[in-house]
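Here's final-v4.csv, which has CSV, C-alpha atoms:
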```csv
chain,number,residue,atom,x,y,z
A,1,MET,CA,1.3,17.2,-23.9
A,2,THR,CA,3.8,15.1,-22.0
A,3,LYS,CA,7.2,16.6,-22.1
A,4,PRO,CA,10.0,14.5,-23.7
A,5,GLY,CA,12.1,12.8,-21.1
A,6,ALA,CA,9.3,12.4,-18.7
A,7,GLY,CA,8.9,9.0,-17.1
A,8,SER,CA,8.0,7.4,-13.8
A,9,SER,CA,8.7,9.6,-10.7
A,10,THR,CA,11.4,7.9,-8.6
A,11,SER,CA,9.8,9.2,-5.4
A,12,LEU,CA,6.4,7.8,-6.5
A,13,VAL,CA,7.9,4.4,-7.3
A,14,ILE,CA,9.5,4.3,-3.8
A,15,PHE,CA,6.2,5.2,-2.2
A,16,LEU,CA,4.4,2.4,-4.1
A,17,LEU,CA,7.0,-0.2,-3.3
A,18,ASN,CA,7.0,0.6,0.3
A,19,SER,CA,3.3,0.6,0.7
A,20,ILE,CA,2.8,-2.6,-1.2
A,21,ALA,CA,5.6,-4.4,0.6
A,22,ILE,CA,4.2,-3.5,4.0
A,23,GLN,CA,0.7,-4.7,3.0
A,24,MET,CA,2.2,-7.9,1.8
A,25,VAL,CA,3.3,-8.8,5.3
A,26,VAL,CA,0.2,-7.7,7.2
A,27,GLY,CA,-2.2,-10.5,7.7
A,28,GLN,CA,-5.9,-10.5,6.9
A,29,ASP,CA,-7.1,-9.9,10.5
A,30,VAL,CA,-4.3,-7.6,11.6
A,31,ALA,CA,-5.2,-4.0,12.4
A,32,ILE,CA,-2.3,-1.5,12.2
A,33,GLU,CA,-2.1,0.3,15.5
A,34,ARG,CA,-1.5,4.1,15.7
A,35,PHE,CA,2.2,5.0,16.4
A,36,SER,CA,3.4,1.4,15.9
A,37,ALA,CA,6.5,0.7,13.8
A,38,ILE,CA,4.3,-0.3,10.8
A,39,TYR,CA,2.3,2.8,11.2
A,40,TRP,CA,5.3,5.0,11.0
A,41,ALA,CA,6.7,3.0,8.1
A,42,LEU,CA,3.6,3.9,6.1
A,43,VAL,CA,3.1,7.5,7.4
A,44,LEU,CA,6.7,8.8,7.1
A,45,PRO,CA,7.2,8.1,3.4
A,46,ALA,CA,3.8,9.8,2.7
A,47,LEU,CA,5.0,12.9,4.6
A,48,MET,CA,8.6,13.0,3.3
A,49,LEU,CA,8.6,11.8,-0.3
A,50,PRO,CA,6.3,14.6,-1.6
A,51,LEU,CA,8.8,17.1,-0.3
A,52,ILE,CA,10.8,16.5,-3.4
A,53,SER,CA,8.0,18.1,-5.4
A,54,ILE,CA,7.1,20.8,-2.8
A,55,ARG,CA,7.3,23.7,-5.3
A,56,GLU,CA,5.0,21.9,-7.7
A,57,ILE,CA,2.6,21.1,-4.8
A,58,PHE,CA,2.3,24.7,-3.9
A,59,ARG,CA,1.8,25.8,-7.5
A,60,MET,CA,-0.8,23.1,-7.9
A,61,LEU,CA,-2.7,24.1,-4.7
A,62,LEU,CA,-2.8,27.7,-5.9
A,63,GLY,CA,-3.9,26.7,-9.4
A,64,ARG,CA,-6.0,23.8,-10.5
A,65,GLY,CA,-5.9,22.4,-7.0
A,66,ILE,CA,-7.5,25.4,-5.4
A,67,LEU,CA,-10.4,23.3,-4.1
A,68,LEU,CA,-7.9,21.2,-2.1
A,69,LEU,CA,-6.5,24.3,-0.5
A,70,ALA,CA,-10.0,25.7,0.3
A,71,PHE,CA,-10.8,22.3,1.9
A,72,LEU,CA,-7.7,22.4,4.0
A,73,LEU,CA,-8.3,25.9,5.2
A,74,CYS,CA,-12.0,25.5,5.8
A,75,ALA,CA,-12.0,22.1,7.5
A,76,GLY,CA,-8.6,22.6,9.1
A,77,GLY,CA,-9.6,26.0,10.6
A,78,TYR,CA,-12.7,24.5,12.1
A,79,GLN,CA,-11.0,21.4,13.5
A,80,PHE,CA,-8.2,23.5,14.9
A,81,ALA,CA,-10.7,25.7,16.7
A,82,ARG,CA,-12.4,22.6,18.1
A,83,GLY,CA,-9.0,21.3,19.2
A,84,ASP,CA,-9.4,18.0,17.3
A,85,LEU,CA,-5.7,17.5,16.4
A,86,GLN,CA,-6.2,14.0,15.2
A,87,ALA,CA,-8.8,15.1,12.6
A,88,LEU,CA,-6.5,18.0,11.6
A,89,ALA,CA,-3.5,15.7,11.2
A,90,GLN,CA,-5.5,13.3,9.0
A,91,LEU,CA,-6.8,16.2,7.0
A,92,PHE,CA,-3.3,17.5,6.3
A,93,LEU,CA,-1.9,14.2,5.2
A,94,MET,CA,-4.9,13.5,2.9
A,95,VAL,CA,-4.6,16.9,1.2
A,96,TRP,CA,-0.8,16.7,1.1
A,97,VAL,CA,-0.7,13.4,-0.7
A,98,THR,CA,-3.6,14.2,-3.0
A,99,ALA,CA,-1.9,17.5,-4.1
A,100,TRP,CA,1.3,15.5,-4.7
A,101,CYS,CA,-0.6,13.1,-7.0
A,102,GLY,CA,-2.1,16.1,-8.8
A,103,CYS,CA,1.3,17.5,-9.8
A,104,GLU,CA,2.4,17.2,-13.5
A,105,THR,CA,5.7,15.7,-12.4
A,106,THR,CA,4.1,12.9,-10.4
A,107,ARG,CA,3.6,10.3,-13.1
A,108,LEU,CA,4.1,6.6,-13.8
A,109,THR,CA,4.6,4.6,-16.9
A,110,THR,CA,2.6,1.5,-17.7
A,111,LYS,CA,5.9,-0.4,-18.1
A,112,THR,CA,7.0,0.5,-14.6
A,113,LEU,CA,3.7,-0.4,-13.1
A,114,THR,CA,3.7,-3.7,-14.8
A,115,ASP,CA,7.1,-4.5,-13.4
A,116,ILE,CA,5.8,-3.5,-9.9
A,117,PHE,CA,2.8,-5.7,-10.3
A,118,LEU,CA,4.8,-8.8,-11.4
A,119,GLY,CA,7.3,-8.1,-8.6
A,120,THR,CA,4.4,-8.0,-6.1
A,121,LEU,CA,3.2,-11.4,-7.4
A,122,LEU,CA,6.7,-12.9,-6.8
A,123,MET,CA,6.8,-11.3,-3.4
A,124,GLY,CA,3.4,-12.9,-2.7
A,125,VAL,CA,4.7,-16.3,-3.7
A,126,MET,CA,7.7,-16.0,-1.3
A,127,VAL,CA,5.4,-14.8,1.6
A,128,ALA,CA,3.1,-17.8,1.0
A,129,MET,CA,6.1,-20.2,0.9
A,130,LEU,CA,7.9,-18.9,4.0
A,131,THR,CA,4.9,-17.9,6.2
A,132,LYS,CA,1.3,-18.8,7.0
A,133,LEU,CA,0.1,-15.2,6.5
A,134,ASN,CA,-2.0,-16.0,3.4
A,135,PRO,CA,-5.0,-18.1,4.3
A,136,TRP,CA,-6.5,-17.9,0.8
A,137,GLY,CA,-4.0,-19.7,-1.5
A,138,PHE,CA,-3.0,-19.2,-5.1
A,139,PHE,CA,-5.2,-21.9,-6.6
A,140,PRO,CA,-8.9,-23.0,-6.2
A,141,GLY,CA,-9.5,-25.2,-3.1
A,142,GLN,CA,-6.6,-23.9,-1.1
A,143,THR,CA,-8.5,-21.5,1.1
A,144,SER,CA,-8.6,-22.2,4.8
A,145,THR,CA,-12.0,-23.6,5.8
A,146,SER,CA,-12.5,-20.9,8.5
A,147,TYR,CA,-12.7,-18.3,5.7
A,148,GLY,CA,-15.6,-19.9,3.9
A,149,PRO,CA,-15.8,-21.0,0.2
A,150,TRP,CA,-12.4,-21.0,-1.6
A,151,ARG,CA,-11.0,-17.9,-3.1
A,152,THR,CA,-7.6,-17.0,-4.5
A,153,SER,CA,-5.3,-14.1,-3.4
A,154,PHE,CA,-1.6,-13.3,-3.8
A,155,PHE,CA,-1.8,-10.9,-0.9
A,156,PRO,CA,-2.5,-12.1,2.7
A,157,HIS,CA,-5.5,-9.7,2.5
A,158,ILE,CA,-7.8,-10.7,-0.3
A,159,ALA,CA,-9.1,-7.1,-0.8
A,160,ASN,CA,-5.6,-5.9,-1.7
A,161,SER,CA,-5.2,-8.7,-4.2
A,162,ALA,CA,-8.5,-8.0,-5.9
A,163,THR,CA,-8.0,-4.2,-5.8
A,164,MET,CA,-4.5,-4.3,-7.4
A,165,SER,CA,-5.9,-6.8,-10.0
A,166,LEU,CA,-8.7,-4.4,-10.9
A,167,ILE,CA,-6.2,-1.5,-11.3
A,168,MET,CA,-4.0,-3.5,-13.6
A,169,LEU,CA,-7.0,-4.7,-15.6
A,170,MET,CA,-8.1,-1.1,-16.2
A,171,ILE,CA,-4.7,0.2,-17.1
A,172,LEU,CA,-3.6,-2.7,-19.3
A,173,THR,CA,-6.9,-2.7,-21.3
A,174,ARG,CA,-6.6,1.0,-22.1
A,175,SER,CA,-5.0,0.2,-25.5
A,176,ALA,CA,-3.9,-2.9,-27.4
A,177,LYS,CA,-0.4,-1.3,-27.6
A,178,GLN,CA,0.1,-2.3,-24.0
A,179,PHE,CA,0.3,-6.0,-24.9
A,180,ASP,CA,4.0,-7.0,-25.1
A,181,LYS,CA,4.9,-10.2,-23.3
A,182,LYS,CA,5.0,-8.7,-19.8
A,183,GLY,CA,1.8,-6.9,-20.4
A,184,MET,CA,0.1,-10.1,-21.6
A,185,LEU,CA,1.3,-11.9,-18.5
A,186,ALA,CA,0.3,-9.2,-16.2
A,187,LEU,CA,-3.2,-9.0,-17.8
A,188,ALA,CA,-3.7,-12.8,-17.5
A,189,VAL,CA,-2.6,-12.7,-13.8
A,190,SER,CA,-4.8,-9.8,-12.9
A,191,ALA,CA,-7.8,-11.4,-14.7
A,192,TYR,CA,-7.2,-14.6,-12.8
A,193,PHE,CA,-7.0,-13.1,-9.3
A,194,GLY,CA,-9.7,-10.5,-10.1
A,195,LEU,CA,-12.2,-13.2,-11.1
A,196,LEU,CA,-11.3,-16.0,-8.7
A,197,GLY,CA,-10.9,-13.7,-5.7
A,198,PHE,CA,-14.7,-13.3,-5.8
A,199,VAL,CA,-14.6,-9.9,-4.2
A,200,ARG,CA,-18.0,-8.7,-5.4
A,201,THR,CA,-17.2,-5.0,-5.3
A,202,VAL,CA,-14.3,-5.6,-7.7
A,203,LEU,CA,-16.3,-7.9,-10.0
A,204,ILE,CA,-19.0,-5.2,-10.3
A,205,ALA,CA,-16.5,-2.5,-10.8
A,206,ALA,CA,-14.8,-4.4,-13.6
A,207,ALA,CA,-18.1,-5.0,-15.3
A,208,VAL,CA,-19.0,-1.3,-15.1
A,209,TYR,CA,-15.5,-0.3,-16.5
A,210,PHE,CA,-15.5,-2.7,-19.4
A,211,SER,CA,-19.1,-1.8,-20.3
A,212,LEU,CA,-18.6,2.0,-20.2
A,213,TYR,CA,-15.2,2.0,-21.9
A,214,ALA,CA,-16.5,-0.2,-24.7
A,215,VAL,CA,-19.4,2.1,-25.3
A,216,LEU,CA,-17.2,5.3,-25.3
A,217,THR,CA,-14.7,3.6,-27.6
A,218,LYS,CA,-17.0,2.0,-30.1
A,219,ALA,CA,-19.2,5.1,-30.3
A,220,ARG,CA,-16.0,7.2,-30.5
A,221,ILE,CA,-17.4,9.7,-28.1
A,222,ARG,CA,-15.1,12.7,-27.6
A,223,LYS,CA,-17.4,15.6,-26.9
A,224,PRO,CA,-16.6,16.8,-23.4
A,225,GLY,CA,-20.3,17.2,-22.4
A,226,LEU,CA,-21.1,13.6,-23.5
A,227,LEU,CA,-18.1,12.1,-21.7
A,228,VAL,CA,-19.0,13.9,-18.5
A,229,ALA,CA,-22.7,13.0,-18.8
A,230,ALA,CA,-21.9,9.3,-19.5
A,231,ALA,CA,-19.5,9.1,-16.5
A,232,LEU,CA,-21.9,10.8,-14.1
A,233,ALA,CA,-24.9,8.7,-15.3
A,234,VAL,CA,-23.0,5.5,-14.7
A,235,MET,CA,-21.8,6.7,-11.3
A,236,VAL,CA,-25.3,7.6,-10.1
A,237,SER,CA,-26.9,4.5,-11.6
A,238,SER,CA,-24.4,2.2,-9.9
A,239,ILE,CA,-25.1,3.7,-6.5
A,240,ALA,CA,-28.9,3.7,-7.1
A,241,VAL,CA,-28.8,0.0,-8.0
A,242,GLU,CA,-26.9,-0.8,-4.8
A,243,LEU,CA,-29.6,1.1,-2.8
A,244,ALA,CA,-32.4,-0.8,-4.4
A,245,ILE,CA,-31.0,-4.3,-5.0
A,246,ALA,CA,-31.8,-6.0,-1.7
A,247,PRO,CA,-35.3,-7.3,-2.7
A,248,LEU,CA,-33.9,-8.7,-6.0
A,249,LEU,CA,-31.1,-10.5,-4.2
A,250,GLU,CA,-33.7,-12.0,-1.8
A,251,MET,CA,-35.6,-13.4,-4.7
A,252,LEU,CA,-32.5,-14.7,-6.6
A,253,GLN,CA,-30.4,-15.8,-3.7
A,254,ASN,CA,-30.9,-19.6,-4.4
A,255,SER,CA,-29.2,-19.2,-7.8
A,256,SER,CA,-25.7,-20.7,-7.4
A,257,LEU,CA,-24.2,-17.9,-9.5
A,258,VAL,CA,-25.9,-15.1,-7.6
A,259,SER,CA,-25.1,-16.7,-4.3
A,260,ARG,CA,-21.4,-17.2,-5.2
A,261,LEU,CA,-20.7,-13.8,-6.7
A,262,LEU,CA,-22.9,-11.5,-4.6
A,263,LEU,CA,-23.8,-13.3,-1.4
A,264,ARG,CA,-20.5,-15.0,-0.4
A,265,GLY,CA,-22.0,-18.4,-1.1
A,266,ALA,CA,-24.9,-18.0,1.3
A,267,THR,CA,-28.5,-19.0,0.6
A,268,GLU,CA,-31.8,-18.9,2.5
A,269,LEU,CA,-31.1,-15.5,3.9
A,270,ASP,CA,-33.9,-13.3,5.3
A,271,SER,CA,-34.1,-9.5,4.4
A,272,LEU,CA,-32.0,-8.5,7.5
A,273,ALA,CA,-29.2,-10.9,6.6
A,274,ILE,CA,-29.1,-9.6,3.1
A,275,GLU,CA,-29.0,-6.0,4.4
A,276,GLN,CA,-26.2,-7.0,6.7
A,277,GLN,CA,-24.3,-8.5,3.8
A,278,LEU,CA,-24.8,-5.4,1.7
A,279,TYR,CA,-24.0,-3.1,4.7
A,280,ARG,CA,-23.0,0.0,2.6
A,281,PRO,CA,-26.5,1.4,2.1
A,282,TRP,CA,-27.0,1.3,5.9
A,283,LEU,CA,-23.6,2.9,6.4
A,284,TRP,CA,-24.3,5.7,3.9
A,285,LYS,CA,-27.5,6.6,5.6
A,286,GLU,CA,-25.8,6.7,9.0
A,287,HIS,CA,-23.0,8.9,7.8
A,288,ILE,CA,-25.4,11.3,6.2
A,289,SER,CA,-27.4,11.4,9.4
A,290,ILE,CA,-24.3,12.1,11.4
A,291,PHE,CA,-23.4,15.0,9.0
A,292,ALA,CA,-27.0,16.4,9.3
A,293,SER,CA,-26.9,16.4,13.1
A,294,SER,CA,-23.4,17.9,13.4
A,295,PRO,CA,-22.9,21.5,14.6
A,296,TYR,CA,-23.1,24.0,11.8
A,297,TYR,CA,-23.0,21.0,9.4
A,298,MET,CA,-19.3,20.9,9.8
A,299,GLY,CA,-19.0,17.2,10.8
A,300,LEU,CA,-17.9,15.6,14.0
A,301,GLY,CA,-14.1,15.4,13.3
A,302,ASN,CA,-12.6,12.3,14.8
A,303,PHE,CA,-15.4,10.1,16.2
A,304,ARG,CA,-16.3,6.5,16.9
A,305,LEU,CA,-19.1,5.4,14.5
A,306,LEU,CA,-21.0,3.2,16.9
A,307,ASP,CA,-21.4,6.1,19.4
A,308,HIS,CA,-23.5,8.0,16.8
A,309,VAL,CA,-25.5,5.4,14.8
A,310,SER,CA,-29.2,4.8,15.3
A,311,TYR,CA,-28.5,1.0,15.8
A,312,ASN,CA,-25.7,-1.4,15.0
A,313,LEU,CA,-26.6,-3.3,11.9
A,314,VAL,CA,-24.3,-6.2,12.7
A,315,PRO,CA,-24.3,-6.8,16.5
A,316,GLY,CA,-20.9,-7.6,17.8
A,317,LEU,CA,-19.1,-5.9,14.9
A,318,ASP,CA,-17.0,-2.9,16.1
A,319,ALA,CA,-17.7,-1.0,12.8
A,320,SER,CA,-15.3,1.8,12.0
A,321,GLY,CA,-17.3,3.2,9.0
A,322,SER,CA,-14.1,3.2,6.8
A,323,GLU,CA,-15.9,1.2,4.1
A,324,SER,CA,-17.3,4.3,2.5
A,325,TYR,CA,-14.8,7.0,1.8
A,326,PRO,CA,-16.9,9.9,0.5
A,327,THR,CA,-19.7,9.7,3.2
A,328,ARG,CA,-17.1,9.2,5.9
A,329,LEU,CA,-15.5,12.4,4.8
A,330,ILE,CA,-18.8,14.2,4.9
A,331,ALA,CA,-19.5,12.9,8.4
A,332,THR,CA,-16.0,13.9,9.6
A,333,TYR,CA,-15.5,17.3,7.9
A,334,GLY,CA,-19.1,18.3,7.0
A,335,ILE,CA,-19.9,20.6,4.1
A,336,SER,CA,-16.2,21.5,3.6
A,337,ALA,CA,-15.7,17.9,2.4
A,338,PHE,CA,-17.7,18.8,-0.8
A,339,LEU,CA,-14.7,21.0,-1.7
A,340,PHE,CA,-12.5,17.9,-1.6
A,341,LEU,CA,-15.0,15.8,-3.6
A,342,GLY,CA,-15.4,18.7,-6.0
A,343,TYR,CA,-11.7,18.4,-6.8
A,344,PHE,CA,-12.4,14.8,-8.0
A,345,GLY,CA,-15.1,16.2,-10.2
A,346,SER,CA,-12.7,18.8,-11.6
A,347,LEU,CA,-10.4,15.9,-12.7
A,348,LEU,CA,-13.3,14.4,-14.6
A,349,PHE,CA,-13.9,17.6,-16.4
A,350,ARG,CA,-10.2,18.0,-17.2
A,351,SER,CA,-10.1,14.5,-18.7
A,352,ALA,CA,-13.3,15.1,-20.7
A,353,PHE,CA,-12.0,18.3,-22.2
A,354,SER,CA,-8.7,16.7,-23.1
A,355,GLY,CA,-10.7,13.9,-24.9
A,356,ASP,CA,-9.4,11.2,-22.5
A,357,ALA,CA,-12.3,8.6,-22.8
A,358,TRP,CA,-10.3,6.1,-20.7
A,359,ALA,CA,-10.0,8.4,-17.7
A,360,CYS,CA,-13.7,9.2,-18.0
A,361,ALA,CA,-14.6,5.5,-18.0
A,362,CYS,CA,-12.4,5.0,-14.9
A,363,PHE,CA,-14.1,7.8,-13.0
A,364,PRO,CA,-17.4,6.2,-12.0
A,365,VAL,CA,-15.6,2.9,-11.3
A,366,ILE,CA,-13.2,4.6,-8.8
A,367,VAL,CA,-16.1,6.5,-7.2
A,368,PHE,CA,-17.9,3.1,-6.8
A,369,MET,CA,-14.8,1.7,-5.1
A,370,MET,CA,-14.7,4.7,-2.9
A,371,MET,CA,-18.3,4.1,-1.8
A,372,ASN,CA,-17.8,0.4,-1.2
A,373,TRP,CA,-14.1,-0.2,-0.3
A,374,GLY,CA,-13.1,3.0,1.3
A,375,SER,CA,-10.4,1.5,3.5
A,376,VAL,CA,-7.9,1.5,0.6
A,377,PHE,CA,-8.4,5.2,0.1
A,378,HIS,CA,-5.9,6.2,2.8
A,379,PRO,CA,-3.1,8.6,1.9
A,380,THR,CA,-0.5,6.0,3.0
A,381,ASN,CA,-2.0,3.4,0.7
A,382,ALA,CA,-0.5,2.7,-2.8
A,383,PHE,CA,-4.0,2.0,-4.2
A,384,PHE,CA,-5.2,5.4,-3.1
A,385,VAL,CA,-2.4,7.0,-5.1
A,386,LEU,CA,-2.9,4.8,-8.1
A,387,PHE,CA,-6.6,5.6,-8.3
A,388,LEU,CA,-5.8,9.3,-8.1
A,389,LEU,CA,-3.4,9.0,-10.9
A,390,MET,CA,-6.0,7.1,-13.0
A,391,MET,CA,-8.4,10.0,-12.4
A,392,ARG,CA,-5.8,12.3,-14.0
A,393,GLY,CA,-5.7,9.9,-16.9
A,394,SER,CA,-3.1,9.4,-19.6
A,395,MET,CA,-1.0,12.3,-18.5
A,396,ALA,CA,-0.4,10.6,-15.1
A,397,ILE,CA,-0.1,7.0,-16.1
A,398,LEU,CA,1.8,7.2,-19.4
A,399,PRO,CA,0.8,4.7,-22.1
A,400,ARG,CA,3.6,2.5,-23.4
A,401,ALA,CA,3.9,4.4,-26.7
A,402,ILE,CA,4.5,7.8,-25.0
A,403,ALA,CA,6.9,6.1,-22.5
A,404,ASP,CA,8.9,4.6,-25.3
A,405,LEU,CA,9.1,8.0,-27.1
A,406,ASN,CA,10.3,9.6,-23.9
A,407,GLU,CA,13.0,6.9,-23.4
A,408,ARG,CA,14.3,7.6,-27.0
A,409,HIS,CA,14.4,11.3,-26.3
A,410,ARG,CA,16.3,10.6,-23.0
A,411,LYS,CA,18.9,8.5,-24.8
A,412,LEU,CA,19.4,11.1,-27.5
```
Translate this file's structure into structure tokens.
Amino acid sequence: MTKPGAGSSTSLVIFLLNSIAIQMVVGQDVAIERFSAIYWALVLPALMLPLISIREIFRMLLGRGILLLAFLLCAGGYQFARGDLQALAQLFLMVWVTAWCGCETTRLTTKTLTDIFLGTLLMGVMVAMLTKLNPWGFFPGQTSTSYGPWRTSFFPHIANSATMSLIMLMILTRSAKQFDKKGMLALAVSAYFGLLGFVRTVLIAAAVYFSLYAVLTKARIRKPGLLVAAALAVMVSSIAVELAIAPLLEMLQNSSLVSRLLLRGATELDSLAIEQQLYRPWLWKEHISIFASSPYYMGLGNFRLLDHVSYNLVPGLDASGSESYPTRLIATYGISAFLFLGYFGSLLFRSAFSGDAWACACFPVIVFMMMNWGSVFHPTNAFFVLFLLMMRGSMAILPRAIADLNERHRKL
């Protein structure tokens, strides 16, 4: 149960605001350089803000987060022995922030998150009015011709707009009790940018979420075994479909709907061009191949992807491999990465045994995002933190009813 008086963590809100604000002023084609001012503006809060909860972090790592601690010791010890300090630093930051997000005291109310979302929208309007950072536009037809068919975004980077819209859609549709005036406005805005952004990963993720949550809700499934089985079945099915969908897309590509939603408006593509558009199945295979060829199956640590692939699927593209988070972890840290991924699995089981059908419906969607849009799963990224909180479920992102109860207790 949530303790009376509990609400949004101040340090967490500061982290989210800082990360979102920085992403709002970084253009679509700008890569953040290591040790630049923007780099430290992201990294330092991720290092410092969790210190407020350091006791809780240690208790968490020695308790339900023991898999995180095992991952840190196993992968960290190996990378330290190899002298790969960059991989070691990345490992520490990842475990540090993940453990912070797993603490009972690290939580957020739906009301606070709605305010952050609407504030982000206003910030996006100001950035669009005062700068030329956003090439997409807020309305259909405003997209710069160099970026292809029109799409809408309130961030300069369209993936951030679509990802935040997906997060809000999932959180706000958890219960009809979320729908006050602000909630309705936020829901309408997130639906608008989520749909008209035409980010296919987000569109598919939203369809998966709404379908699974509707089934779990209508069937009133609360048995832990069934909740876990449903979540895992959807997770595996979504990945399997992506692995096998290329021939179907080749057949249906001339459909305007299929072309617009799944092929970025392109038609008359050959099988290679479709494989290049999908990209992730190729990347998954290469990551697993790198893992299988690594010494002791412990991964390569910090490495450049193109130095270890069988061929470059998209010639001229300096691929980093960040698009797939789980397989990149396995290629980097080897078998020890399964300890980290196992921690995510433990969150699913905790949600199932607490009867949190919403969190169970979110789980396969978040894994799908990890497999396809892994670049947002960075410990300095607000979306990484929000997805981790969603995996924890209603005890981490408090529904409005609980938040209002806590506020009344606080005033008393």
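Proximity to A:Cys103 was assessed for A:Leu388, A:Ser165, A:Glu275, A:Glu323 counting all atoms listed in the file; the smallest distance is recorded for A:Leu388.
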Discussion item. Taking all atoms listed in the file into account, name the residue in A:Leu329, A:Met164, A:Ala357, A:Val127 that is nearest to A:Lys218.
Written reply: A:Ala357
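When only C-alpha atoms are used to compute distances to A:Phe387, the closest of the residues A:Pro247, A:Gly299, A:Pro364, A:Gly225 turns out to be A:Pro364.
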Worksheet item: Got a sec: who's within 10 Å of A:Leu61, counting only C-alpha atoms, leaving out chain neighbours fewer than 6 positions off, as a PyMOL selection string?
Response: chain A and resi 67-70+95-96+99-100+102-103
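Distances here use all atoms listed in the file; by that measure, the residue among A:Phe198, A:Leu313, A:Gly301, A:Thr105 closest to A:Arg59 is A:Thr105.
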Fill in: Closest of A:Ala205, A:Leu306, A:Ala266, A:Ile335 to A:Cys74 - atom-to-atom distances counting all atoms listed in the file
A:Ile335
Practice prompt. Quick one: pull the distance between atom CA of A:Ala359 and atom CA of A:Phe154, Å, one decimal.
Written response: 27.1 Å
